[in-house]
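Engineer: Contents are PDB, C-alpha atoms and all ligand atoms; file name upload-v8.pdb:
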```pdb
ATOM      1  CA  MET A   1      18.969-107.587  75.547
ATOM      2  CA  ASN A   2      17.995-111.078  76.528
ATOM      3  CA  GLU A   3      17.266-111.856  72.927
ATOM      4  CA  PHE A   4      20.698-110.580  71.933
ATOM      5  CA  LEU A   5      22.401-112.798  74.513
ATOM      6  CA  GLN A   6      20.367-115.718  73.358
ATOM      7  CA  VAL A   7      21.542-115.228  69.765
ATOM      8  CA  ILE A   8      25.208-115.224  70.950
ATOM      9  CA  VAL A   9      24.681-118.317  73.084
ATOM     10  CA  ASP A  10      23.056-120.071  70.189
ATOM     11  CA  PHE A  11      25.863-119.012  67.816
ATOM     12  CA  LEU A  12      28.513-120.356  70.193
ATOM     13  CA  ALA A  13      26.530-123.491  70.649
ATOM     14  CA  VAL A  14      26.435-124.088  66.918
ATOM     15  CA  LEU A  15      30.218-123.560  66.741
ATOM     16  CA  PHE A  16      30.857-126.073  69.475
ATOM     17  CA  GLY A  17      28.396-128.570  68.199
ATOM     18  CA  ASP A  18      25.723-128.318  70.808
ATOM     19  CA  THR A  19      22.428-126.488  71.168
ATOM     20  CA  PRO A  20      21.996-126.169  74.905
ATOM     21  CA  SER A  21      19.300-123.503  74.827
ATOM     22  CA  ARG A  22      16.968-125.411  72.537
ATOM     23  CA  PRO A  23      15.114-128.523  73.337
ATOM     24  CA  ARG A  24      17.313-131.541  72.756
ATOM     25  CA  THR A  25      16.160-134.224  70.439
ATOM     26  CA  PRO A  26      15.298-136.963  72.882
ATOM     27  CA  ARG A  27      17.602-139.964  72.674
ATOM     28  CA  PRO A  28      15.866-143.130  71.690
ATOM     29  CA  LEU A  29      15.149-145.066  74.845
ATOM     30  CA  PRO A  30      16.652-148.515  75.225
ATOM     31  CA  PRO A  31      14.156-151.206  74.362
ATOM     32  CA  ALA A  32      11.758-151.785  77.198
ATOM     33  CA  LEU A  33      12.153-154.952  79.204
ATOM     34  CA  PRO A  34       9.446-157.468  78.420
ATOM     35  CA  PRO A  35       6.612-157.139  80.897
ATOM     36  CA  ALA A  36       6.773-159.566  83.767
ATOM     37  CA  PRO A  37       4.143-162.285  83.421
ATOM     38  CA  PRO A  38       1.148-161.562  85.609
ATOM     39  CA  PRO A  39       1.476-163.618  88.773
ATOM     40  CA  THR A  40      -0.758-166.647  89.099
ATOM     41  CA  PRO A  41      -3.135-165.843  91.949
ATOM     42  CA  GLN A  42      -2.682-167.920  95.080
ATOM     43  CA  ALA A  43      -5.218-170.684  95.596
ATOM     44  CA  ASN A  44      -7.112-170.625  98.839
ATOM     45  CA  PRO A  45      -6.478-174.024 100.512
ATOM     46  CA  GLU A  46     -10.183-174.183 101.378
ATOM     47  CA  GLU A  47     -11.542-173.500  97.918
ATOM     48  CA  PRO A  48     -13.233-176.205  95.866
ATOM     49  CA  GLN A  49     -10.836-178.296  93.811
ATOM     50  CA  ASP A  50     -13.369-180.206  91.769
ATOM     51  CA  ALA A  51     -17.045-181.053  91.533
ATOM     52  CA  GLY A  52     -16.799-183.226  94.646
ATOM     53  CA  ASP A  53     -16.391-180.019  96.655
ATOM     54  CA  VAL A  54     -19.427-178.227  95.189
ATOM     55  CA  LYS A  55     -22.061-177.319  97.807
ATOM     56  CA  GLU A  56     -25.712-178.086  97.219
ATOM     57  CA  ASP A  57     -26.703-174.406  97.236
ATOM     58  CA  ASP A  58     -23.991-173.309  94.792
ATOM     59  CA  PHE A  59     -25.337-171.558  91.683
ATOM     60  CA  ILE A  60     -24.558-173.915  88.802
ATOM     61  CA  VAL A  61     -25.401-173.588  85.142
ATOM     62  CA  ILE A  62     -26.181-176.953  83.550
ATOM     63  CA  SER A  63     -26.446-177.072  79.790
ATOM     64  CA  HIS A  64     -26.826-179.763  77.202
ATOM     65  CA  GLU A  65     -23.739-180.350  75.108
ATOM     66  CA  ALA A  66     -25.845-180.408  71.931
ATOM     67  CA  GLU A  67     -26.996-176.821  72.504
ATOM     68  CA  PRO A  68     -25.165-173.998  70.772
ATOM     69  CA  PRO A  69     -22.811-172.197  73.119
ATOM     70  CA  ARG A  70     -24.363-169.539  75.294
ATOM     71  CA  VAL A  71     -22.041-167.201  77.060
ATOM     72  CA  GLY A  72     -22.436-166.106  80.655
ATOM     73  CA  GLU A  73     -25.786-167.869  80.867
ATOM     74  CA  GLY A  74     -27.534-167.308  84.142
ATOM     75  CA  ALA A  75     -24.843-165.002  85.392
ATOM     76  CA  PRO A  76     -26.254-161.663  86.527
ATOM     77  CA  GLU A  77     -24.394-158.636  85.137
ATOM     78  CA  PHE A  78     -21.619-160.800  83.848
ATOM     79  CA  ASP A  79     -19.295-159.583  81.148
ATOM     80  CA  GLU A  80     -19.255-161.585  77.968
ATOM     81  CA  ASN A  81     -15.816-162.881  78.770
ATOM     82  CA  PRO A  82     -14.273-161.800  82.049
ATOM     83  CA  LEU A  83     -10.800-162.895  81.004
ATOM     84  CA  PRO A  84      -8.540-161.335  78.420
ATOM     85  CA  ALA A  85      -8.464-163.724  75.485
ATOM     86  CA  PRO A  86      -6.087-166.226  77.095
ATOM     87  CA  GLU A  87      -4.889-167.609  73.798
ATOM     88  CA  ASP A  88      -3.601-164.149  72.851
ATOM     89  CA  ASP A  89      -1.470-163.747  75.958
ATOM     90  CA  PRO A  90       2.205-163.296  75.204
ATOM     91  CA  ILE A  91       4.351-166.229  76.208
ATOM     92  CA  PRO A  92       5.900-165.237  79.520
ATOM     93  CA  PRO A  93       9.689-165.153  79.460
ATOM     94  CA  VAL A  94      11.454-167.576  81.764
ATOM     95  CA  SER A  95      13.757-165.768  84.150
ATOM     96  CA  PRO A  96      16.557-167.527  86.041
ATOM     97  CA  ASP A  97      14.356-167.493  89.122
ATOM     98  CA  ASP A  98      11.635-169.406  87.303
ATOM     99  CA  ARG A  99      13.798-172.461  86.649
ATOM    100  CA  VAL A 100      12.326-174.466  89.441
ATOM    101  CA  ILE A 101       9.889-176.086  87.045
ATOM    102  CA  ILE A 102      10.447-179.828  87.256
ATOM    103  CA  PRO A 103       8.291-181.251  84.460
ATOM    104  CA  VAL A 104       9.359-180.821  80.864
ATOM    105  CA  PRO A 105       6.844-180.709  78.018
ATOM    106  CA  VAL A 106       6.908-183.459  75.413
ATOM    107  CA  PRO A 107       7.398-181.753  72.046
ATOM    108  CA  PRO A 108       5.449-182.879  68.994
ATOM    109  CA  ALA A 109       6.980-185.655  66.924
ATOM    110  CA  PRO A 110       8.924-184.227  63.950
ATOM    111  CA  GLU A 111       6.507-185.747  61.445
ATOM    112  CA  TYR A 112       3.408-184.554  63.294
ATOM    113  CA  ARG A 113       1.948-181.099  62.630
ATOM    114  CA  ALA A 114       0.979-180.163  66.160
ATOM    115  CA  ARG A 115      -1.708-177.557  66.693
ATOM    116  CA  TYR A 116      -1.716-177.210  70.478
ATOM    117  CA  MET A 117       0.310-177.885  73.600
ATOM    118  CA  TRP A 118      -1.941-179.986  75.828
ATOM    119  CA  CYS A 119      -1.435-179.312  79.525
ATOM    120  CA  ILE A 120      -2.839-182.443  81.161
ATOM    121  CA  ASP A 121      -3.534-182.185  84.873
ATOM    122  CA  ASN A 122      -4.151-185.167  87.168
ATOM    123  CA  GLY A 123      -5.941-183.070  89.791
ATOM    124  CA  HIS A 124      -4.668-184.361  93.123
ATOM    125  CA  GLY A 125      -1.725-185.992  94.833
ATOM    126  CA  ALA A 126      -1.209-188.791  97.309
ATOM    127  CA  LEU A 127      -1.272-186.250 100.142
ATOM    128  CA  THR A 128      -4.665-184.771  99.207
ATOM    129  CA  ALA A 129      -7.151-185.230 102.039
ATOM    130  CA  GLY A 130     -10.384-187.125 101.331
ATOM    131  CA  LYS A 131     -10.944-187.862  97.638
ATOM    132  CA  ARG A 132     -11.357-191.619  98.071
ATOM    133  CA  SER A 133     -14.147-194.143  97.819
ATOM    134  CA  PRO A 134     -15.629-196.121 100.691
ATOM    135  CA  ILE A 135     -13.677-199.323 101.345
ATOM    136  CA  LEU A 136     -15.598-202.217  99.807
ATOM    137  CA  PRO A 137     -16.201-205.391 101.850
ATOM    138  CA  ASP A 138     -13.497-207.170  99.811
ATOM    139  CA  GLY A 139     -11.001-204.446 100.693
ATOM    140  CA  ARG A 140     -10.977-202.613  97.365
ATOM    141  CA  GLN A 141     -10.913-198.828  97.471
ATOM    142  CA  LEU A 142     -10.477-196.165  94.830
ATOM    143  CA  LEU A 143      -8.113-193.313  95.667
ATOM    144  CA  GLU A 144      -8.928-190.467  93.309
ATOM    145  CA  TYR A 145      -5.321-189.450  92.649
ATOM    146  CA  GLN A 146      -4.539-193.021  91.529
ATOM    147  CA  PHE A 147      -7.597-193.145  89.272
ATOM    148  CA  ASN A 148      -6.773-189.764  87.696
ATOM    149  CA  ARG A 149      -3.131-190.733  87.141
ATOM    150  CA  ASP A 150      -4.073-194.068  85.621
ATOM    151  CA  ILE A 151      -6.234-192.172  83.101
ATOM    152  CA  THR A 152      -3.492-189.643  82.299
ATOM    153  CA  ARG A 153      -0.912-192.447  81.961
ATOM    154  CA  ARG A 154      -3.123-194.116  79.349
ATOM    155  CA  ILE A 155      -3.635-190.789  77.564
ATOM    156  CA  PHE A 156       0.094-190.015  77.474
ATOM    157  CA  ALA A 157       0.853-193.433  75.960
ATOM    158  CA  GLN A 158      -1.484-192.679  73.062
ATOM    159  CA  LEU A 159      -0.283-189.092  72.603
ATOM    160  CA  ASP A 160       3.306-190.399  72.505
ATOM    161  CA  ALA A 161       2.350-192.855  69.765
ATOM    162  CA  ILE A 162       0.623-190.172  67.671
ATOM    163  CA  GLY A 163       3.201-187.451  68.310
ATOM    164  CA  VAL A 164       0.907-184.887  69.945
ATOM    165  CA  ALA A 165       2.655-182.264  72.097
ATOM    166  CA  TYR A 166       1.720-182.409  75.765
ATOM    167  CA  PHE A 167       2.785-181.328  79.209
ATOM    168  CA  ASN A 168       2.286-183.600  82.210
ATOM    169  CA  VAL A 169       1.676-180.779  84.665
ATOM    170  CA  VAL A 170       2.290-182.700  87.907
ATOM    171  CA  PRO A 171       4.305-185.880  87.392
ATOM    172  CA  GLU A 172       5.123-186.047  91.106
ATOM    173  CA  THR A 173       2.870-188.198  93.253
ATOM    174  CA  GLN A 174       3.717-187.054  96.777
ATOM    175  CA  VAL A 175       1.864-183.745  96.617
ATOM    176  CA  GLY A 176      -1.271-182.461  98.317
ATOM    177  CA  ASN A 177      -3.719-180.041  96.772
ATOM    178  CA  PHE A 178      -0.909-178.266  94.915
ATOM    179  CA  LEU A 179      -3.498-176.044  93.248
ATOM    180  CA  THR A 180      -1.414-172.915  92.752
ATOM    181  CA  GLU A 181       1.590-174.855  91.498
ATOM    182  CA  ARG A 182      -0.284-176.951  88.979
ATOM    183  CA  VAL A 183      -1.827-173.864  87.422
ATOM    184  CA  ASP A 184       1.351-171.810  87.668
ATOM    185  CA  ARG A 185       3.364-174.472  85.839
ATOM    186  CA  ALA A 186       0.921-174.431  82.947
ATOM    187  CA  ASN A 187       0.797-170.624  82.907
ATOM    188  CA  ARG A 188       4.579-170.320  82.879
ATOM    189  CA  LEU A 189       5.212-173.015  80.308
ATOM    190  CA  SER A 190       6.941-171.389  77.359
ATOM    191  CA  THR A 191       5.910-172.909  74.047
ATOM    192  CA  ALA A 192       5.289-171.702  70.511
ATOM    193  CA  LEU A 193       2.034-173.673  70.440
ATOM    194  CA  PRO A 194      -1.202-172.319  71.934
ATOM    195  CA  LYS A 195      -1.876-174.022  75.245
ATOM    196  CA  LEU A 196      -5.024-175.864  76.355
ATOM    197  CA  PHE A 197      -5.626-177.235  79.866
ATOM    198  CA  VAL A 198      -7.442-180.468  80.726
ATOM    199  CA  SER A 199      -7.929-181.477  84.371
ATOM    200  CA  ILE A 200      -9.054-185.079  84.863
ATOM    201  CA  HIS A 201     -11.016-186.215  87.926
ATOM    202  CA  GLY A 202     -13.354-188.679  89.574
ATOM    203  CA  ASN A 203     -16.377-187.235  91.346
ATOM    204  CA  ALA A 204     -17.997-187.583  94.765
ATOM    205  CA  GLY A 205     -21.588-186.914  95.733
ATOM    206  CA  PRO A 206     -22.901-185.813  99.123
ATOM    207  CA  ALA A 207     -22.383-188.437 101.829
ATOM    208  CA  PRO A 208     -22.149-188.268 105.639
ATOM    209  CA  THR A 209     -18.627-189.714 105.747
ATOM    210  CA  LEU A 210     -15.971-191.000 103.358
ATOM    211  CA  GLN A 211     -17.088-194.540 104.199
ATOM    212  CA  ASP A 212     -20.694-193.847 103.078
ATOM    213  CA  PHE A 213     -21.966-194.096  99.549
ATOM    214  CA  THR A 214     -23.845-191.211  98.013
ATOM    215  CA  ASP A 215     -27.412-191.617  96.802
ATOM    216  CA  ASP A 216     -27.730-194.185  94.019
ATOM    217  CA  SER A 217     -29.219-191.523  91.722
ATOM    218  CA  VAL A 218     -26.037-189.413  91.918
ATOM    219  CA  GLN A 219     -24.012-191.009  89.149
ATOM    220  CA  GLY A 220     -22.481-190.342  85.769
ATOM    221  CA  VAL A 221     -20.134-187.961  84.041
ATOM    222  CA  GLU A 222     -20.061-184.180  83.831
ATOM    223  CA  THR A 223     -17.661-181.700  82.249
ATOM    224  CA  TRP A 224     -16.914-178.272  83.683
ATOM    225  CA  TYR A 225     -15.780-175.062  82.021
ATOM    226  CA  TYR A 226     -15.161-171.488  83.086
ATOM    227  CA  ASN A 227     -18.429-169.593  83.002
ATOM    228  CA  GLY A 228     -18.076-166.966  80.305
ATOM    229  CA  SER A 229     -15.282-168.646  78.337
ATOM    230  CA  THR A 230     -16.536-169.391  74.838
ATOM    231  CA  LYS A 231     -13.562-171.556  73.962
ATOM    232  CA  GLY A 232     -13.698-173.321  77.311
ATOM    233  CA  ARG A 233     -17.332-174.231  76.698
ATOM    234  CA  LYS A 234     -16.631-175.421  73.174
ATOM    235  CA  MET A 235     -13.777-177.534  74.453
ATOM    236  CA  ALA A 236     -16.018-178.951  77.207
ATOM    237  CA  THR A 237     -18.663-179.814  74.602
ATOM    238  CA  ILE A 238     -16.172-181.853  72.590
ATOM    239  CA  PHE A 239     -14.702-183.680  75.591
ATOM    240  CA  HIS A 240     -18.124-184.404  77.070
ATOM    241  CA  ARG A 241     -19.594-185.746  73.825
ATOM    242  CA  ASN A 242     -16.663-188.125  73.438
ATOM    243  CA  ILE A 243     -16.772-189.303  77.065
ATOM    244  CA  ILE A 244     -20.507-190.047  76.845
ATOM    245  CA  ALA A 245     -20.010-191.868  73.535
ATOM    246  CA  GLN A 246     -17.178-194.059  74.846
ATOM    247  CA  THR A 247     -18.462-194.818  78.344
ATOM    248  CA  ASP A 248     -22.265-194.751  77.986
ATOM    249  CA  MET A 249     -22.434-193.379  81.527
ATOM    250  CA  ASN A 250     -25.321-191.334  82.906
ATOM    251  CA  ASN A 251     -25.130-187.905  81.266
ATOM    252  CA  ARG A 252     -24.928-185.023  83.754
ATOM    253  CA  HIS A 253     -24.080-182.594  80.946
ATOM    254  CA  LEU A 254     -21.891-179.504  80.887
ATOM    255  CA  ARG A 255     -21.589-177.573  84.100
ATOM    256  CA  SER A 256     -20.260-174.213  85.099
ATOM    257  CA  LYS A 257     -20.208-172.353  88.382
ATOM    258  CA  VAL A 258     -21.300-168.752  88.275
ATOM    259  CA  THR A 259     -19.470-167.779  91.442
ATOM    260  CA  GLY A 260     -16.544-169.454  93.180
ATOM    261  CA  GLN A 261     -15.375-171.124  89.990
ATOM    262  CA  PHE A 262     -12.814-173.903  90.264
ATOM    263  CA  TYR A 263      -9.309-172.580  90.631
ATOM    264  CA  VAL A 264      -7.877-174.591  87.726
ATOM    265  CA  LEU A 265     -10.524-173.100  85.408
ATOM    266  CA  ARG A 266     -10.353-169.586  86.853
ATOM    267  CA  ALA A 267      -6.592-169.071  87.117
ATOM    268  CA  THR A 268      -5.313-170.848  84.001
ATOM    269  CA  ARG A 269      -4.503-168.316  81.292
ATOM    270  CA  MET A 270      -5.689-170.625  78.527
ATOM    271  CA  PRO A 271      -8.942-172.390  77.611
ATOM    272  CA  ALA A 272      -9.530-175.078  80.227
ATOM    273  CA  VAL A 273     -11.896-177.923  81.083
ATOM    274  CA  LEU A 274     -12.324-180.223  84.069
ATOM    275  CA  THR A 275     -13.778-183.671  83.380
ATOM    276  CA  GLU A 276     -15.525-185.685  86.110
ATOM    277  CA  ASN A 277     -15.475-189.307  85.026
ATOM    278  CA  GLY A 278     -17.925-191.034  87.333
ATOM    279  CA  PHE A 279     -18.727-190.884  91.069
ATOM    280  CA  TYR A 280     -16.394-193.062  93.115
ATOM    281  CA  ASN A 281     -18.822-192.946  96.032
ATOM    282  CA  ASN A 282     -21.696-194.192  93.892
ATOM    283  CA  ARG A 283     -21.799-197.968  94.275
ATOM    284  CA  PHE A 284     -22.454-198.581  90.563
ATOM    285  CA  ASP A 285     -20.001-196.054  89.144
ATOM    286  CA  LEU A 286     -17.320-197.265  91.550
ATOM    287  CA  GLU A 287     -17.500-200.817  90.230
ATOM    288  CA  GLN A 288     -16.885-199.487  86.730
ATOM    289  CA  MET A 289     -14.169-197.069  87.778
ATOM    290  CA  LEU A 290     -12.184-199.923  89.328
ATOM    291  CA  THR A 291     -11.987-201.776  85.989
ATOM    292  CA  GLU A 292      -9.234-201.559  83.388
ATOM    293  CA  ASP A 293     -11.837-201.480  80.632
ATOM    294  CA  PHE A 294     -13.620-198.376  81.902
ATOM    295  CA  ARG A 295     -10.376-196.501  82.516
ATOM    296  CA  GLN A 296      -9.182-197.293  79.007
ATOM    297  CA  ARG A 297     -12.455-196.047  77.542
ATOM    298  CA  VAL A 298     -12.219-192.807  79.524
ATOM    299  CA  ALA A 299      -8.650-192.346  78.280
ATOM    300  CA  ASP A 300      -9.683-193.173  74.699
ATOM    301  CA  ALA A 301     -12.481-190.594  74.924
ATOM    302  CA  HIS A 302     -10.045-187.902  76.047
ATOM    303  CA  VAL A 303      -7.649-188.791  73.223
ATOM    304  CA  ALA A 304     -10.525-188.724  70.703
ATOM    305  CA  ALA A 305     -11.484-185.231  71.944
ATOM    306  CA  ILE A 306      -7.867-184.083  71.779
ATOM    307  CA  MET A 307      -7.547-185.355  68.209
ATOM    308  CA  GLU A 308     -10.827-183.730  67.184
ATOM    309  CA  ILE A 309      -9.529-180.381  68.430
ATOM    310  CA  GLU A 310      -6.094-181.004  66.877
ATOM    311  CA  ARG A 311      -7.838-181.550  63.528
ATOM    312  CA  GLU A 312     -10.457-178.839  63.626
ATOM    313  CA  GLY A 313      -9.193-176.301  66.123
ATOM    314  CA  LEU A 314     -11.281-174.470  68.694
TER     315      LEU A 314
HETATM  316 ZN    ZN B   1     -10.901-184.425  91.921
END
```
Kindly return the structure encoded in the file as structure tokens.
Structural biologist:
Amino acid sequence: MNEFLQVIVDFLAVLFGDTPSRPRTPRPLPPALPPAPPPTPQANPEEPQDAGDVKEDDFIVISHEAEPPRVGEGAPEFDENPLPAPEDDPIPPVSPDDRVIIPVPVPPAPEYRARYMWCIDNGHGALTAGKRSPILPDGRQLLEYQFNRDITRRIFAQLDAIGVAYFNVVPETQVGNFLTERVDRANRLSTALPKLFVSIHGNAGPAPTLQDFTDDSVQGVETWYYNGSTKGRKMATIFHRNIIAQTDMNNRHLRSKVTGQFYVLRATRMPAVLTENGFYNNRFDLEQMLTEDFRQRVADAHVAAIMEIEREGL
């Protein structure tokens, strides 16, 4: 009997253009909204910002830039690459709420075939605590944020002349650590070009107070990358080789922290390096770092590395 009723219901349904007793063909769903970009993790205000904050008992991998890349070296039970391939990340859409970004990227010159968007980070602001050299007897003092910004200013001038695309991540001066924001701006930047991140710093060695120099043996340049990032290490190799060649400073090689990695290397969703261009609390390095000539050579080295990667890729 039930079957008989079902036949009648179906017959009526066919007459009236519907088939209520049979499974409906599912309507195509509207296109899914693009996934929200993963939030940039918040920086802990206490976490190390650069090599000047590294503790003596931190586990650091030091490797020679001439060695072939080794991934995850020294890291116990460490995945080959703990990050999803950052360069494959979809470009996050910009929602109306995201339009608080102040800096605007400089697009490539029309005649220049740009390969990357260079996110150049000056590391600290005028309100960052510490990060300054001892005051010399003649009154001179190096403030790290000024040194870093002088280097980036010289880099930008050259990139403008060549036509390379870049993004001055923090053009404002009156900022403190600003760690989350500087990374978040780079992560959110929407560009058709793959992004690379370069954070430029001066270093500080252990010293009792800001007015004390570190040991004379603590001097030179070092370049940091995210432990486990193959492209980050390759990028660090290129930057470091160029900085050594242009400055002839003491070579402290490539460095990577196994735990507690620097926020700007850990949270940027793109290959990233952090360059440490001399120790401002080493009496010999400081003298160099206060000169126009040294700063220009550091800037030239960064531009040479950028152009090498623009030519050959990572
Ligand atoms: Zn720094």
Engineer: Which polymer residues have any atom within 8 Å of an atom of A:His124, counting only C-alpha atoms, with same-chain residues fewer than 3 positions away left out, as a list in words?
Structural biologist: Thr128, Glu144, Tyr145, Asn148, Val175, Gly176, Asn177 and Phe178 of chain A
Engineer: Which value, in Å to one decimal, gives the distance between atom CA of A:Gly260 and atom CA of A:Gly202?
Structural biologist: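 Computed distance, atom CA of A:Gly260 to atom CA of A:Gly202, equals 19.8 Å.
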Engineer: Determine, using all atoms listed in the file, which residues of chain A have any atom at most 10 Å from an atom of ligand ZN 1 (chain B), and tabulate each with its shortest atom pair and distance in Å to one decimal place, rows ordered by chain and then rising number, as a tab-separated table.
Structural biologist:
```
residue	atom	partner	partner_atom	distance
A:Pro48	CA	B:ZN1	ZN	9.4
A:Gln49	CA	B:ZN1	ZN	6.4
A:Asp50	CA	B:ZN1	ZN	4.9
A:Ala51	CA	B:ZN1	ZN	7.0
A:Gly52	CA	B:ZN1	ZN	6.6
A:Asp53	CA	B:ZN1	ZN	8.5
A:Asn122	CA	B:ZN1	ZN	8.3
A:Gly123	CA	B:ZN1	ZN	5.6
A:His124	CA	B:ZN1	ZN	6.3
A:Gly125	CA	B:ZN1	ZN	9.8
A:Thr128	CA	B:ZN1	ZN	9.6
A:Gly130	CA	B:ZN1	ZN	9.8
A:Lys131	CA	B:ZN1	ZN	6.7
A:Arg132	CA	B:ZN1	ZN	9.5
A:Glu144	CA	B:ZN1	ZN	6.5
A:Tyr145	CA	B:ZN1	ZN	7.5
A:Phe147	CA	B:ZN1	ZN	9.7
A:Asn148	CA	B:ZN1	ZN	8.0
A:Asn177	CA	B:ZN1	ZN	9.7
A:Ser199	CA	B:ZN1	ZN	8.6
A:Ile200	CA	B:ZN1	ZN	7.3
A:His201	CA	B:ZN1	ZN	4.4
A:Gly202	CA	B:ZN1	ZN	5.4
A:Asn203	CA	B:ZN1	ZN	6.2
A:Ala204	CA	B:ZN1	ZN	8.3
A:Leu274	CA	B:ZN1	ZN	9.0
A:Thr275	CA	B:ZN1	ZN	9.0
A:Glu276	CA	B:ZN1	ZN	7.5
A:Asn277	CA	B:ZN1	ZN	9.6
```
Engineer: Given all atoms listed in the file as the basis, pick out the residue of A:Glu310, A:Glu56, A:Asp216, A:Glu47 nearest to A:Arg113.
Structural biologist: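 Smallest separation from A:Arg113 among the options: A:Glu310.
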Engineer: Of the candidates A:Trp224, A:Phe59, A:Tyr280, A:Phe197, which shows the shortest atom-to-atom distance to A:Val258, using only C-alpha atoms?
Structural biologist: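 Distance minimum relative to A:Val258 lands on A:Phe59.
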Engineer: The PyMOL selection byres (((chain A and resi 182) around 9) and not hetatm) - which residues does that actually catch in the file I just gave you? List them as an MDAnalysis selection string.
Structural biologist: chainID A and resid 121 123 169:170 178:181 183:187 264
Engineer: Counting only C-alpha atoms, figure out which residue out of A:Val104, A:Val54, A:Leu136, A:Leu127 gets nearest to A:Arg255.
Structural biologist: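 Smallest distance to A:Arg255 is found for A:Val54.
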Engineer: Provide the atom CA of A:Phe167 to atom CA of A:Ile306 distance in Å, to one decimal place.
Structural biologist: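 Separation between atom CA of A:Phe167 and atom CA of A:Ile306: 13.3 Å.
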Engineer: List as a VMD selection string the protein and nucleic acid residues near A:Pro108, meaning an atom at most 6 Å away when all atoms listed in the file are counted, but skip any in the same chain fewer than 3 places from it.
Structural biologist: chain A and resid 114 163 to 165
Engineer: For atom CA of A:Met249 and atom CA of A:Arg266, quote the distance in Å rounded to one decimal.
Structural biologist: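 About the pair atom CA of A:Met249 and atom CA of A:Arg266: they are 27.2 Å apart.
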Engineer: Can you find the residues with an atom no farther than 12 Å from (-24.6, -196.6, 104.5), counting all atoms listed in the file, and report them as a PDB file with C-alpha atoms, in the frame of the given file?
Structural biologist:
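That gives us point33.pdb:
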```pdb
ATOM      1  CA  PRO A 134     -15.629-196.121 100.691  1.00  0.00           C
ATOM      2  CA  ILE A 135     -13.677-199.323 101.345  1.00  0.00           C
ATOM      3  CA  LEU A 136     -15.598-202.217  99.807  1.00  0.00           C
ATOM      4  CA  ALA A 207     -22.383-188.437 101.829  1.00  0.00           C
ATOM      5  CA  PRO A 208     -22.149-188.268 105.639  1.00  0.00           C
ATOM      6  CA  THR A 209     -18.627-189.714 105.747  1.00  0.00           C
ATOM      7  CA  LEU A 210     -15.971-191.000 103.358  1.00  0.00           C
ATOM      8  CA  GLN A 211     -17.088-194.540 104.199  1.00  0.00           C
ATOM      9  CA  ASP A 212     -20.694-193.847 103.078  1.00  0.00           C
ATOM     10  CA  PHE A 213     -21.966-194.096  99.549  1.00  0.00           C
ATOM     11  CA  THR A 214     -23.845-191.211  98.013  1.00  0.00           C
ATOM     12  CA  ASP A 215     -27.412-191.617  96.802  1.00  0.00           C
ATOM     13  CA  ASP A 216     -27.730-194.185  94.019  1.00  0.00           C
ATOM     14  CA  ASN A 281     -18.822-192.946  96.032  1.00  0.00           C
ATOM     15  CA  ASN A 282     -21.696-194.192  93.892  1.00  0.00           C
ATOM     16  CA  ARG A 283     -21.799-197.968  94.275  1.00  0.00           C
TER      17      ARG A 283
END
```
Engineer: When you count only C-alpha atoms, which of these residues is closest to A:Ser217: A:Asp300, A:Glu308, A:Glu292, A:Asp285?
Structural biologist: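 Nearest candidate to A:Ser217 out of A:Asp300, A:Glu308, A:Glu292, A:Asp285: A:Asp285.
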Engineer: From the list A:Arg252, A:His302, A:Arg188, A:Arg297, which residue is nearest A:Val61 when using only C-alpha atoms?
Structural biologist: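 The shortest atom-to-atom distance to A:Val61 comes from A:Arg252.
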Engineer: Can you work out which one of A:Val298, A:Tyr226, A:Thr259, A:Val218 has the shortest atom-to-atom distance to A:Ile244, counting all atoms listed in the file?
Structural biologist: A:Val298
Engineer: Could you expand the PyMOL selection byres (((chain A and resi 241) around 10) and not hetatm) into the explicit residues it covers here, written as an NGL selection string?
Structural biologist: :A and (64-66 or 223 or 236-240 or 242-246 or 251 or 253-254 or 301 or 305)
Engineer: With the PyMOL selection byres (((chain A and resi 271) around 6) and not hetatm) as the selection, what would be picked from this file? Answer as a VMD selection string, please.
Structural biologist: chain A and resid 196 231 to 232 270 272
